[in-house]
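Novice: Mind having a look at this structure? Questions to follow.
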Amino acid sequence: MSETIITLNNLTKFYDDTPAVDRLSLSIERGEIFGLLGPNGAGKSTAILMMLGLSEPASGSVEVCGINSIREPLAVKRRVGYLPDDLGFYETMTGLENILYTASLNGIPKKETEEDAHSLLRKVGLSDAAHKKAGKYSRGMRQRLGLADVLIKKPEIIILDEPTLGIDPEGVREILDLIKRLNKEENITVLLSSHHLHQVQEICDRVGIFVEGKLLAKGDIASLASQLFLEESFVVYINAEPVTKELQSNLMQLPEVETIRVTPEHLEIFCSANISDHIAKAVIESGASLTYLSQKNYGLDEIYHRYFKGSGVHEHQ
Ligand SMILES: Nc1ncnc2c1ncn2[C@@H]1O[C@H](COP(=O)(O)OP(=O)(O)OP(=O)(O)O)[C@@H](O)[C@H]1O
């Protein structure tokens, strides 16, 4: 049975007179990977800081692990590992020493820490660099050290703010795989803020699209597509010879077909389900020959761009 682990209710925060987060309501379930997706300045970090009790909302409520973050930020801190986008370590201390220091700050007994720290460094692939100074770590290594650092206190939730910022593609793959693995193996709930569509699409169970402080839509990719595309979730592109009125009318009679657009290249058939085979059959039965057929279902890219089309919001990679 699902259990809500983060609940935001009408959460609002202003900077000067402008809302950075505007009546944000959201529930995140234990064990899921939720992606907060939005362009720079959308309010993702501000929302995260309020979840952690590090920034006070103007109105609304926020509960994490059943605890009111505003009233009991320290209790929330014990249960949540937070990886900010600007990670800070003691640069002259080794990776291992940094983790042990974090453990001591969190009051974890030294005896159990040492073993846990080594096992975490192994998990994040930093065993060989355990005794190297953090100041000498690459950006990808720092992120992995950051993950080990937040995991030492055995959090129920990890909140990651742009965890792949400035990392090369190989490093990104490693971080994403690691996050997925931690989620599956340790049943850690993950909240991930990002403006990288593909990364979010790859690992998140659900996504919230956030822009100008507002959550515009949320759900898994398929349900986002149907929310945002009004059931036109699939497009089938065909070329047929000849394209007659009768052919178009036969296609429109298929219950799943929403719209047909005639372009110089193709007939674009927008459908609520994948019915390529019915379309091919309708073409043949209309006496035309089918010379080309391809299909596409929407990914997050189309959802994001189509949804923000005209809103002046663009993705910054
Ligand atoms: N301390 C602050 N003082 C004043 N304005 C702020 C402050 N922090 C954030 N803002 C403003 O609030 C809005 C939301 O910023 P926020 O950092 O939460 O966005 P974000 O989605 O996390 O963006 P990014 O991806 O760039 O980190 C922006 O307009 C930003 O300029």
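Each chain of the structure tokens is named A, B, ... in the order shown, its residues numbered from 1; ligands are numbered from 1 in display order.
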Please give me, as a ChimeraX atom specification, the residues lying within 6 Å of ligand 1 when counting only C-alpha atoms and all ligand atoms.

Specialist: /A:15,20,39-46

Novice: When you look at Glu258 in chain A with a cut-off of 8 Å (counting only C-alpha atoms), what residues show up, excluding the ones that are within fewer than 5 positions of it in the same chain? I need them as a short mmCIF file (atom, residue, chain, number, x, y, z; two decimals) with N, CA and C atoms, in the first residue's frame.

Specialist:
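The new file around_14.cif reads:
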```cif
data_model
loop_
_atom_site.label_atom_id
_atom_site.label_comp_id
_atom_site.auth_asym_id
_atom_site.auth_seq_id
_atom_site.Cartn_x
_atom_site.Cartn_y
_atom_site.Cartn_z
N GLU A 232 -4.22 13.09 -27.39
CA GLU A 232 -3.51 12.82 -28.64
C GLU A 232 -2.09 12.38 -28.31
N MET A 252 -10.71 9.06 -40.29
CA MET A 252 -11.37 9.80 -39.20
C MET A 252 -12.43 8.94 -38.51
N ILE A 269 -1.35 11.68 -38.35
CA ILE A 269 -2.60 11.22 -37.74
C ILE A 269 -2.41 11.17 -36.23
N PHE A 270 -3.11 12.03 -35.50
CA PHE A 270 -2.99 12.10 -34.05
C PHE A 270 -4.02 11.14 -33.44
N CYS A 271 -3.53 10.24 -32.58
CA CYS A 271 -4.41 9.19 -32.07
C CYS A 271 -4.31 9.10 -30.54
N SER A 272 -5.33 8.52 -29.93
CA SER A 272 -5.30 8.33 -28.47
C SER A 272 -4.68 6.97 -28.12
#
```

Novice: Within range 161-301 of chain A, find each residue whose DSSP state, derived from the backbone, is alpha helix (DSSP H), and express the selection as a ChimeraX atom specification.

Specialist: /A:169-186,197-203,221-229,245-252,276-285,300-301

Novice: My list of candidates is A:Tyr90, A:Met50, A:Gly140, A:Leu254. Which is closest to Ile70 in chain A when distances are computed with only C-alpha atoms?

Specialist: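 Checking each candidate against Ile70 in chain A, we get A:Met50 as the closest.
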
Novice: Quick one: pull the distance between CA of Ile99 in chain A and CA of Ile67 in chain A, Å, one decimal.

Specialist: 26.3 Å

Novice: For Leu178 in chain A, work out the shell of residues within 12 Å, counting only C-alpha atoms and skipping chain neighbours fewer than 5 positions away, then give it as a short mmCIF file (atom, residue, chain, number, x, y, z; two decimals) with C-alpha atoms, in the first residue's frame.

Specialist:
```cif
data_model
loop_
_atom_site.label_atom_id
_atom_site.label_comp_id
_atom_site.auth_asym_id
_atom_site.auth_seq_id
_atom_site.Cartn_x
_atom_site.Cartn_y
_atom_site.Cartn_z
CA LEU A 120 29.22 3.48 1.25
CA LEU A 121 32.40 4.52 -0.53
CA ARG A 122 32.38 1.11 -2.18
CA LYS A 123 28.74 1.55 -3.17
CA VAL A 124 29.41 4.89 -4.85
CA GLY A 125 32.57 3.59 -6.52
CA GLY A 140 31.51 13.57 -10.74
CA GLN A 143 28.72 14.22 -6.43
CA ARG A 144 29.28 10.57 -5.58
CA LEU A 145 31.03 11.57 -2.36
CA LEU A 147 25.72 10.85 -2.01
CA ALA A 148 27.84 8.76 0.36
CA PRO A 163 22.75 16.31 -9.11
CA THR A 164 24.30 16.06 -12.57
CA GLY A 171 29.64 10.61 -15.08
CA VAL A 172 25.94 11.44 -15.53
CA ARG A 173 25.22 7.80 -16.39
CA ASN A 183 16.15 3.71 -4.61
CA LYS A 184 15.59 0.02 -5.43
CA GLU A 185 17.99 -1.61 -2.99
CA GLU A 186 17.49 0.62 0.03
CA ILE A 188 14.99 5.34 -0.36
CA VAL A 190 14.22 10.30 -4.05
CA ILE A 203 14.89 7.57 -13.86
#
```
